[in-house]
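One structure is given below, encoded as structure tokens.
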There are 2 protein chains.
Amino acid sequence: MYYKKAIVAIADGLGDRPLPELGFKTPLEYADTPNLDKLALQGITGMMDLVGPGIPVGTDMGHMVLFGFQPGEYPGRGPIEALGIGMEVQHGDIVIRCNFASVDENGIVLDRRAGRIRDNTRELAEALDGMVLEDEVEVYFKPATEHRAVLILRGSGLSDRISDSDPKAPHEGKPYYDVEPLDETEEAQKTAYFLNLFLQRSHDILSSHPINGRRALEGLPPANFILTRGAGRMANLEPVVRRRNFKGSCIAGESTVLGVAHLAGFKAVTSERMTGNMDTDIDLKAQLALEEIADNDLVYVHLKAPDLKGHDNKPFEKAQAIELFDRMVGLLAKQLPADTYLAIAADHSTPCEVGEHTGEPVPILIYGPGIRRDRVFQFNEIDCAHGGLGRFRGHEFVDTLHGLMGYVKKQGN
Amino acid sequence: MYYKKAIVAIADGLGDRPLPELGFKTPLEYADTPNLDKLALQGITGMMDLVGPGIPVGTDMGHMVLFGFQPGEYPGRGPIEALGIGMEVQHGDIVIRCNFASVDENGIVLDRRAGRIRDNTRELAEALDGMVLEDEVEVYFKPATEHRAVLILRGSGLSDRISDSDPKAPHEGKPYYDVEPLDETEEAQKTAYFLNLFLQRSHDILSSHPINGRRALEGLPPANFILTRGAGRMANLEPVVRRRNFKGSCIAGESTVLGVAHLAGFKAVTSERMTGNMDTDIDLKAQLALEEIADNDLVYVHLKAPDLKGHDNKPFEKAQAIELFDRMVGLLAKQLPADTYLAIAADHSTPCEVGEHTGEPVPILIYGPGIRRDRVFQFNEIDCAHGGLGRFRGHEFVDTLHGLMGYVKKQGN
């Protein structure tokens with residue numbers, strides 16, 4: 001058996017619905033996409049339900065499936081975020097998403113985002129990172145985008161069955177919540193105790209931190225408290241690259257996608273010039289993808305913009321984001337090495353008129369050596385529903401691709 | 001509820017890919033197949049994944065599914081081979097694939113295939129068949145094709161968790177292996193003990209066998225040892241004919257297919273004139289299929305040649321093999337009784353350019369009374385992907401056929 005390679009270009013939130021503003025075309029139908037249509041003509045197309053028909057998925061779940069995990073293997077958002085910002089996560093770690101927040105001396109939450117703080121969060125995080133609680137629980141704390149951060153509690157006998165300290169938006173002006181165990185287990189009690197201890201310690205440290213002193217002089221709300229939510233326990237997932245015994249790489253600006261890449265055992269490649277918006281550098285992405293495929297078997301390259309415009313209900317801008325994706329795909333197709341497949345996929349639909357992820361399937365396409373061409377010559381939600389791949393699940397699309405590459409083991413003899 | 005009958009014609013390894021030598025047609029597209037195309041016009045078509053998209057299957061697994069088993073019911077190669085050469089296999093039997101081999105007085109393996117012995121293996125096998133070891137384990141031993149044979153150990157408390165005595169090709173010139181238990185169970189220890197005992201006994205018997213005396217005079221290596229591999233334990237599978245309560249028959253030259261037919265409770269019909277190659281007698285196969293359908297409900301008729309040509313990477317010859325299949329199908333269609341369906345299927349794809357089984361789906365077709373005709377009028381991997389049956393799993397194709405025949409029980413009321 002010989003092996004082939006593949007590049008998968010992912011347009012985040014690509015799927016949409018026919019819109020009156022666009023003459024009842026979808027943004028993908030409306031957009032000018034010569035490169036995608038050429039690949040449709042020369043390749044095979046179909047429709048994909050990431051998890052199942054009608055079931056909406058998050059960007060994290062959608063990419064878990066696209067990278068080759070089973071839907072049931074989802075480890076929760078926390079661990080993916082932690083891996084996405086380059087934290088090293090171990091099996092059993094309790095991973096918690098955080099905000100820097102402002103509280104007064106009575107613990108009243110004045111601002112859940114500390115005035116959407118962007119600057120100096122690294123210094124503030126460093127003041128908390130590496131703390132050890134009662135010689136028993138290690139604390140790792142790293143800043144994420146803007147006011148966000150990720151907290152890891154590491155120690156024996158910890159549980160993710162604990163409540164949030166974040167009272168959420170409607171409760172600004174009320175006190176933050178104490179963390180409570182969500183079940184009777186000793187592990188949950190212990191974890192809640194240590195997390196509350198951390199909240200106090202970090203409050204003391206942040207309150208007296210020079211950065212907050214300076215913010216006070218500038219009239220900015222202090223980043224003097226850590227609000228926590230969505231605790232998750234890191235599961236012991238075998239990386240996809242080990243299951244299939246190949247090498248993978250992922251080019252993306254989005255930390256969630258990079259986190260999934262880490263989880264799957266793929267090399268995570270990113271750059272400041274990948275912004276997750278229209279100003280992202282697609283030339284750089286295409287160039288890196290073509291470089292990475294040289295010493296990898298499977299490369300994913302991701303574009304966030306279409307999802308963003310779907311959430312914002314901006315049909316024309318979503319069409320422009322898709323044209324940006326089409327140009328990136330054109331660069332990939334032009335220099336695609338022989339014996340390498342080029343696949344087009346998406347992690348979910350984000351219809352403009354909904355502004356959220358929906359369960360409608362997304363169009364997919366596979367182009368490359370020995371592919372069975374179908375009769376479809378335009379890449380969109382309508383034509384691909386008549387494509388030769390038919391309609392199948394995300395993991396079946398991945399098996400199809402891995403199978404073409406030669407990495408799926410034969411059953412029987 | 002009234003019942004109907006069906007004949008299923010199976011083209012082994014039919015599925016392929018567009019090939020430059022054939023003007024980027026698949027061998028099936030390239031071949032002249034008037035009978036298959038006529039059935040496509042008058043019937044309904046689709047694509048089938050035997051186990052799942054992208055997953056390659058062996059001929060044994062593919063036929064297990066086509067005969068109506070679930071993929072998880074696969075009993076291993078040994079039992080299927082045993083049944084294929086007409087051995088009666090019981091639940092609990094340990095079935096082991098064997099070679100006649102040549103060893104010297106020190107147990108050094110001189111030739112793993114005893115000079116690819118073809119003649120007199122029946123007499124040699126008869127000298128071992130029916131042996132009883134320590135009044136406890138019965139031995140059944142039958143020759144298969146060329147130097148191959150099948151060994152059955154029958155007794156209480158036996159296990160298939162034992163190692164091979166066959167040192168495999170790279171170790172020719174080294175001693176054969178003693179059989180070791182692969183786990184701590186008493187069953188495995190016991191089975192290893194008795195198999196080693198059989199190897200000694202059979203060595204003594206074969207060494208002094210007149211056939212080997214004659215081979216010595218002719219300067220041929222002696223068939224004086226039995227190398228064993230791939231032990232399997234016969235599972236307790238309810239035959240498909242009992243599950244569905246119908247009668248079945250199978251016409252094939254290939255022992256693997258005949259073995260699956262036995263497992264499914266189908267009558268196994270074969271002949272010396274069915275060679276598994278281009279010189280097989282398709283007129284005889286068609287004639288027997290039409291005879292068998294008279295007193296059976298479901299008849300399978302199998303042609304091996306397309307798979308062979310795929311493995312050999314011979315696109316034009318594969319097209320010829322498919323034209324042979326088309327003629328056989330034409331003979332069946334011409335004399336097809338009323339109230340009998342004619343279905344076309346395959347066990348897997350064997351693309352010439354790969355030379356191995358791949359996970360790409362195969363085209364399928366059902367023609368017969370009251371069928372819902374679709375818009376497809378050519379039978380191949382491209383057109384059938386747009387067929388009215390859509391794309392589904394092997395067991396769903398079988399349920400569809402059994403359902404049309406009237407043998408699938410209603411759920412609910």
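Chains: A, B, ... in order of the structure tokens. Residues: from 1 per chain. Ligands: from 1, in order shown.
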What are the residues of chain B that have an atom within 9 Å of an atom of chain A, counting only C-alpha atoms, as a compact mmCIF listing (two decimals) with C-alpha atoms, in the first residue's frame?
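Result saved to part_36.txt:
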# COMPACT_ATOMS: atom_id res chain seq x y z
CA ASP B 16 -12.20 1.40 -9.48
CA ARG B 17 -10.98 4.91 -10.30
CA PRO B 18 -10.77 6.98 -13.49
CA LEU B 19 -7.59 5.94 -15.30
CA PHE B 24 -10.05 8.97 -17.49
CA THR B 26 -13.06 3.68 -14.81
CA VAL B 51 -18.72 -1.38 6.30
CA GLY B 52 -18.32 2.40 6.15
CA PRO B 53 -17.00 5.23 3.94
CA GLY B 54 -13.24 5.02 3.47
CA ILE B 55 -12.90 1.61 5.17
CA PRO B 56 -11.33 -1.14 2.99
CA VAL B 57 -12.64 -4.68 3.54
CA GLY B 58 -11.35 -8.14 2.63
CA THR B 59 -13.25 -10.49 0.33
CA ASP B 60 -14.36 -12.50 3.36
CA MET B 61 -15.68 -9.47 5.29
CA GLY B 62 -17.26 -8.00 2.16
CA PRO B 71 -19.59 -6.51 10.33
CA TYR B 74 -16.78 -11.64 11.47
CA GLY B 76 -11.89 -14.66 11.39
CA ARG B 77 -10.36 -16.15 8.25
CA GLU B 353 -3.58 2.01 -9.72
CA VAL B 354 -3.58 0.81 -6.09
CA GLY B 355 -3.56 -2.95 -6.69
CA GLU B 356 -5.25 -3.45 -3.32
CA HIS B 357 -8.72 -3.15 -1.79
CA THR B 358 -9.70 0.44 -0.99
CA GLY B 359 -12.54 2.07 0.94
CA GLU B 360 -14.27 3.73 -2.00
CA GLU B 381 -19.16 4.41 -10.16
CA ILE B 382 -19.97 7.92 -11.42
CA ASP B 383 -23.59 7.66 -12.57
CA CYS B 384 -24.74 5.43 -9.71
CA ALA B 385 -23.47 8.09 -7.27
CA HIS B 386 -26.47 10.08 -8.51
CA GLY B 390 -28.45 7.11 -2.56
CA ARG B 391 -25.39 5.98 -0.63
Could you tell me, as a short mmCIF file (atom, residue, chain, number, x, y, z; two decimals) with C-alpha atoms, in the first residue's frame, which residues of range 98-195 of chain B DSSP assigns to helix (DSSP H, G or I) when given the backbone?
data_model
loop_
_atom_site.label_atom_id
_atom_site.label_comp_id
_atom_site.auth_asym_id
_atom_site.auth_seq_id
_atom_site.Cartn_x
_atom_site.Cartn_y
_atom_site.Cartn_z
CA THR B 121 -1.88 -33.50 -0.68
CA ARG B 122 -5.20 -35.35 -0.27
CA GLU B 123 -3.45 -38.65 0.59
CA LEU B 124 -1.11 -36.85 2.98
CA ALA B 125 -4.04 -35.08 4.66
CA GLU B 126 -5.97 -38.33 4.99
CA ALA B 169 9.14 -16.24 4.89
CA PRO B 170 12.08 -14.20 6.26
CA HIS B 171 12.89 -17.05 8.65
CA GLU B 186 -5.66 -23.05 31.24
CA GLU B 187 -7.45 -23.27 27.87
CA ALA B 188 -4.57 -21.61 26.03
CA GLN B 189 -1.96 -23.80 27.78
CA LYS B 190 -3.96 -26.92 26.98
CA THR B 191 -4.47 -25.98 23.32
CA ALA B 192 -0.78 -25.16 22.83
CA TYR B 193 0.16 -28.51 24.39
CA PHE B 194 -2.12 -30.50 22.10
CA LEU B 195 -1.16 -28.56 18.97
#
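By chain and then residue number, the residues within 7 Å of range 132-145 of chain B are Ile85, Thr121, Arg122, Ala125, Leu128, Asp129, Arg148, Ala149, Val150, Leu151, Ile152, Leu153, Arg154 and Gly155 of chain B, counting only C-alpha atoms and disregarding those fewer than 3 positions away in sequence.
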If you keep C-alpha atoms, can you produce a file of those selected residues as a PDB file, in the first residue's frame?
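Everything below was put into out35.pdb:
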ATOM      1  CA  ILE B  85     -13.249 -26.432   1.514  1.00  0.00           C
ATOM      2  CA  THR B 121      -1.881 -33.502  -0.676  1.00  0.00           C
ATOM      3  CA  ARG B 122      -5.197 -35.347  -0.268  1.00  0.00           C
ATOM      4  CA  ALA B 125      -4.037 -35.081   4.661  1.00  0.00           C
ATOM      5  CA  LEU B 128      -3.630 -37.031   9.611  1.00  0.00           C
ATOM      6  CA  ASP B 129      -7.391 -36.538   9.439  1.00  0.00           C
ATOM      7  CA  ARG B 148      -2.410 -25.063   1.923  1.00  0.00           C
ATOM      8  CA  ALA B 149      -4.539 -27.000   4.370  1.00  0.00           C
ATOM      9  CA  VAL B 150      -6.905 -26.409   7.289  1.00  0.00           C
ATOM     10  CA  LEU B 151      -6.656 -27.998  10.743  1.00  0.00           C
ATOM     11  CA  ILE B 152      -9.490 -28.229  13.253  1.00  0.00           C
ATOM     12  CA  LEU B 153      -8.941 -29.095  16.922  1.00  0.00           C
ATOM     13  CA  ARG B 154     -12.168 -30.190  18.610  1.00  0.00           C
ATOM     14  CA  GLY B 155     -12.492 -30.747  22.337  1.00  0.00           C
TER      15      GLY B 155
END
(message) Applying 9 Å and only C-alpha atoms, which residues near Ala231 in chain B remain after dropping the ones on its own chain fewer than 5 positions away? List them as a VMD selection string.
(response) chain B and resid 76 to 78 94 to 97 159 to 164
(message) So the first atom is CA of Gly84 in chain B and the second is CA of Phe246 in chain B; what is the distance between them in Å, to one decimal place?
(response)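 Separation between CA of Gly84 in chain B and CA of Phe246 in chain B: 21.4 Å.
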(request) Mind checking which residues fall within 8 Å of Leu227 in chain A, counting only C-alpha atoms, ignoring those fewer than 4 positions away in the same chain, and posting them as a PyMOL selection string? (result) chain A and resi 98-101+112+164-166+176
Deliver the residues from the most recent selection as a file, using all heavy atoms, as a CSV table (one decimal), in the first residue's frame.
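As written to disk, result.csv reads:
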chain,number,residue,atom,x,y,z
A,98,CYS,N,-11.3,31.8,32.6
A,98,CYS,CA,-11.4,33.0,33.5
A,98,CYS,C,-11.5,34.3,32.8
A,98,CYS,O,-11.2,34.5,31.6
A,98,CYS,CB,-10.1,33.0,34.3
A,98,CYS,SG,-9.7,31.5,35.2
A,99,ASN,N,-12.1,35.3,33.5
A,99,ASN,CA,-12.0,36.7,33.2
A,99,ASN,C,-11.2,37.4,34.2
A,99,ASN,O,-11.4,37.2,35.4
A,99,ASN,CB,-13.4,37.4,33.2
A,99,ASN,CG,-14.2,37.0,31.9
A,99,ASN,OD1,-13.7,36.2,31.1
A,99,ASN,ND2,-15.3,37.7,31.8
A,100,PHE,N,-10.4,38.4,33.8
A,100,PHE,CA,-9.9,39.5,34.8
A,100,PHE,C,-11.2,40.3,35.0
A,100,PHE,O,-11.8,40.8,34.1
A,100,PHE,CB,-8.8,40.3,34.2
A,100,PHE,CG,-7.5,39.6,34.2
A,100,PHE,CD1,-7.0,39.0,33.1
A,100,PHE,CD2,-6.7,39.5,35.4
A,100,PHE,CE1,-5.8,38.4,33.1
A,100,PHE,CE2,-5.5,38.9,35.4
A,100,PHE,CZ,-5.0,38.3,34.2
A,101,ALA,N,-11.5,40.6,36.3
A,101,ALA,CA,-12.7,41.4,36.6
A,101,ALA,C,-12.3,42.4,37.7
A,101,ALA,O,-11.3,42.4,38.3
A,101,ALA,CB,-13.8,40.5,37.1
A,112,ARG,N,-17.3,42.8,34.9
A,112,ARG,CA,-16.9,41.4,34.7
A,112,ARG,C,-15.7,41.3,33.8
A,112,ARG,O,-15.1,40.2,33.7
A,112,ARG,CB,-18.1,40.6,34.1
A,112,ARG,CG,-19.2,40.3,35.0
A,112,ARG,CD,-20.3,39.5,34.3
A,112,ARG,NE,-19.8,38.2,33.8
A,112,ARG,CZ,-19.6,38.0,32.5
A,112,ARG,NH1,-19.9,38.9,31.6
A,112,ARG,NH2,-19.1,36.8,32.1
A,164,ASP,N,-19.5,27.9,39.1
A,164,ASP,CA,-18.7,29.1,38.6
A,164,ASP,C,-18.7,30.2,39.7
A,164,ASP,O,-19.6,30.3,40.4
A,164,ASP,CB,-19.4,29.7,37.3
A,164,ASP,CG,-19.4,28.6,36.2
A,164,ASP,OD1,-18.6,27.7,36.2
A,164,ASP,OD2,-20.3,28.8,35.3
A,165,SER,N,-17.6,30.9,39.7
A,165,SER,CA,-17.6,32.1,40.5
A,165,SER,C,-18.2,33.3,39.8
A,165,SER,O,-18.6,34.3,40.3
A,165,SER,CB,-16.2,32.4,41.0
A,165,SER,OG,-15.3,32.7,40.0
A,166,ASP,N,-18.2,33.2,38.4
A,166,ASP,CA,-18.7,34.3,37.6
A,166,ASP,C,-20.2,34.4,37.7
A,166,ASP,O,-20.9,33.4,37.3
A,166,ASP,CB,-18.3,34.0,36.1
A,166,ASP,CG,-18.6,35.1,35.2
A,166,ASP,OD1,-19.4,36.0,35.5
A,166,ASP,OD2,-18.2,35.0,34.0
A,176,TYR,N,-19.7,38.4,43.6
A,176,TYR,CA,-19.3,37.1,42.9
A,176,TYR,C,-19.8,35.9,43.7
A,176,TYR,O,-20.1,36.1,44.9
A,176,TYR,CB,-17.8,37.1,42.6
A,176,TYR,CG,-17.0,37.0,43.9
A,176,TYR,CD1,-16.7,35.7,44.5
A,176,TYR,CD2,-16.4,38.1,44.5
A,176,TYR,CE1,-16.0,35.6,45.6
A,176,TYR,CE2,-15.7,38.0,45.6
A,176,TYR,CZ,-15.4,36.8,46.2
A,176,TYR,OH,-14.7,36.7,47.3
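Near Gly276 in chain A, within 8 Å and counting only C-alpha atoms, sit Gly253, Glu254, Asp279, Thr280, Leu303, Lys304 and Ala305 of chain A; same-chain residues fewer than 3 positions away were not included.
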(message) I'd like to know which of A:Leu36, A:Leu217, A:Val179, A:Met274 is closest to Phe377 in chain A, using only C-alpha atoms.
(response)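 Among the listed residues, A:Leu36 lies closest to Phe377 in chain A.
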(request) Work out how far apart CA of Met48 in chain A and CA of Pro363 in chain A are and give it in Å to one decimal. (result)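 Separating CA of Met48 in chain A from CA of Pro363 in chain A is a distance of 6.3 Å.
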(message) Please compute the CA of Met278 in chain B-CA of Asp307 in chain B distance, one decimal, in Å.
(response)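 Separating CA of Met278 in chain B from CA of Asp307 in chain B is a distance of 11.1 Å.
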(request) Mind checking which residues fall within 7 Å of Thr340 in chain B, counting only C-alpha atoms, ignoring those fewer than 3 positions away in the same chain, and posting them as a PyMOL selection string? (result) chain B and resi 4-6+336-337+368
(request) May I ask which of the residues B:Arg327, B:His147, B:His91, B:His302 is the closest one to Arg113 in chain B, counting only C-alpha atoms? (result) B:His147
(message) My list of candidates is A:Leu332, A:Val103, A:Leu220, A:Val65. Which is closest to Gly115 in chain A when distances are computed with only C-alpha atoms?
(response)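 Residue with the minimum atom-to-atom distance to Gly115 in chain A: A:Leu220.
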